[in-house]
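Enquirer: Below you'll find the structure I mean.
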Amino acid sequence: MRSALLIGCMRAVTGAVNLRSCSRHAGAVGRSRNINMAASAKPAVLWLHGLGDTGAGWQGAFGPLGTSATFHHPTAPVSPVTINGGMRQTSWMDLKSFPVDLSEPDAGADFKATVASVHAMLADIEAGGTASENIVLGGFSQGGATSVASGLSYPRQLGGIVSISGWLAYRQDFTERINAANKATPVLFTYGTDDPVVDCSLTHHSGEMLKAALKDAASVMDVPRSMHQPERDEMRAVYQFIAARLGLLMA
């Protein structure tokens, strides 16, 4: 179970789906604002990996869309993680519980800095010529949790937000953190009903909070799976969501 949390990588899944390789724009590393601006006028996807992974772990996972959008895959900074005995690893936030469940406290000061860094990455993509409404922000596991928190609090409207196996990192004051610019931004939130890493008690509760706050803008997909990684139909729903939000043709 612990290894599934540490390796938030899609290589095995992409092999099963037989995807073609996508554009591999490494994007920012850690909290850097050094976003790759090649083909920046295209619609863009900023995708955040899970605990212990790197941006490279998700490169190639969006093959059908890679020719029509610029993909940015930043790598999280290295920091101590409580659930792993203080081991230093790539992480967008510290985690206190395993499995991650309703006992997990709201994210701390380190996460505030992470959200600020994601906002800076989004601003850099905009500065390269891509309008904010032509950007989808998404991620897996703690990357999904980071995407929801960063996307909904961003001061300019995004095209969409995706979370796979993520959760609400801020729950006590969740609605107060939603910026008016993204109150109606479509969110796709998917989770496994028997996920051994992020417990359904937390993901279900997070999904209900999203639906209550965002109404029809929130699409919550509970998937009958007993692994942390998404299944093929779930990834297909993600592809379709991104394509629809960015006006892309599915290859």
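Chain labels A, B, ... are given in the sequence in which chains occur in the structure tokens; within each chain residues are numbered consecutively from 1, and ligands are likewise numbered from 1 in the order shown.
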I want to know what sits within 12 Å of A:Ala243, based on only C-alpha atoms, with residues of the same chain fewer than 5 positions away left out; could you give that as number ranges by chain?
Expert: A: 43-45, 62-69, 134-136, 159-160, 236-238, 248-251
Enquirer: Quick one: residues within 7 Å of A:Gln89, only C-alpha atoms, excluding same-chain residues fewer than 4 positions away - as a PyMOL selection string?
Expert: chain A and resi 52+78-80
Enquirer: Those residues you just picked out, can you put them in a file as a short mmCIF file (atom, residue, chain, number, x, y, z; two decimals), in the first residue's frame with N, CA, C and O atoms?
Expert:
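Listed below is the output, result_17.cif:
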data_model
loop_
_atom_site.label_atom_id
_atom_site.label_comp_id
_atom_site.auth_asym_id
_atom_site.auth_seq_id
_atom_site.Cartn_x
_atom_site.Cartn_y
_atom_site.Cartn_z
N GLY A 52 6.19 11.63 -4.39
CA GLY A 52 7.36 10.83 -4.70
C GLY A 52 7.65 10.66 -6.17
O GLY A 52 8.65 10.04 -6.55
N VAL A 78 11.48 18.99 -3.14
CA VAL A 78 11.80 17.91 -2.20
C VAL A 78 11.68 18.45 -0.78
O VAL A 78 12.25 19.49 -0.44
N SER A 79 10.90 17.73 0.04
CA SER A 79 10.68 18.18 1.41
C SER A 79 10.36 16.97 2.30
O SER A 79 9.97 15.91 1.79
N PRO A 80 10.49 17.11 3.62
CA PRO A 80 10.17 15.99 4.53
C PRO A 80 8.67 15.67 4.50
O PRO A 80 7.84 16.58 4.44
#
Enquirer: Using backbone DSSP assignments, extract all helix (DSSP H, G or I) residues from stretch 24-172 of chain A; output them as a ChimeraX atom specification.
Expert: /A:55-58,63-65,82-84,109-127,132-134,142-153
Enquirer: As an exercise, work out the distance from atom CA of A:Ala41 to atom CA of A:Arg245 in Å and give it to one decimal place.
Expert: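 Atom-to-atom, atom CA of A:Ala41 to atom CA of A:Arg245, that is 15.9 Å.
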Enquirer: Do you know which residues are at most 9 Å from stretch 210-215 of chain A counting only C-alpha atoms, after dropping those on the same chain fewer than 2 positions away, and could you put them as a ChimeraX atom specification?
Expert: /A:168,174-175,178,183-187,189,205-208,217-220
Enquirer: Here is a test: counting only C-alpha atoms, which residue of A:Phe98, A:Gly86, A:Gly128, A:Arg171 is nearest to A:Val148?
Expert: A:Arg171
Enquirer: I need the residues in stretch 42-130 of chain A that are strand (DSSP E) according to DSSP; give them as a list of chain:residue names.
Expert: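 Those in stretch 42-130 of chain A that DSSP calls strand (DSSP E) are A:Ala44, A:Val45, A:Leu46, A:Trp47, A:Leu48, A:Thr70, A:Phe71, A:His72, A:Val78, A:Ser79, A:Pro80, A:Val81, A:Met87, A:Arg88, A:Gln89, A:Thr90.
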Enquirer: Show which residues sit within 10 Å of A:Ile164, as a VMD selection string. Count only C-alpha atoms, and ignore same-chain residues fewer than 3 positions away.
Expert: chain A and resid 50 138 to 145 147 167 188 to 192 221 228 to 230 234 to 235 238
Enquirer: With a cut-off of 10 Å, could you pull out the residues of stretch 132-241 of chain A touching stretch 116-119 of chain A and give me the nearest pair of atoms for each, distance in Å to one decimal, using only C-alpha atoms, ordered by chain and ascending number, as a tab-separated table?
Expert:
residue	atom	partner	partner_atom	distance
A:Leu137	CA	A:Val118	CA	9.3
A:Thr146	CA	A:Val118	CA	8.5
A:Ser147	CA	A:Val118	CA	8.2
A:Ala149	CA	A:Val118	CA	9.9
A:Ser150	CA	A:Val118	CA	6.5
A:Gly151	CA	A:His119	CA	8.0
A:Ser153	CA	A:His119	CA	8.7
A:Tyr154	CA	A:His119	CA	6.4
A:Pro155	CA	A:His119	CA	8.8
A:Arg156	CA	A:His119	CA	9.9
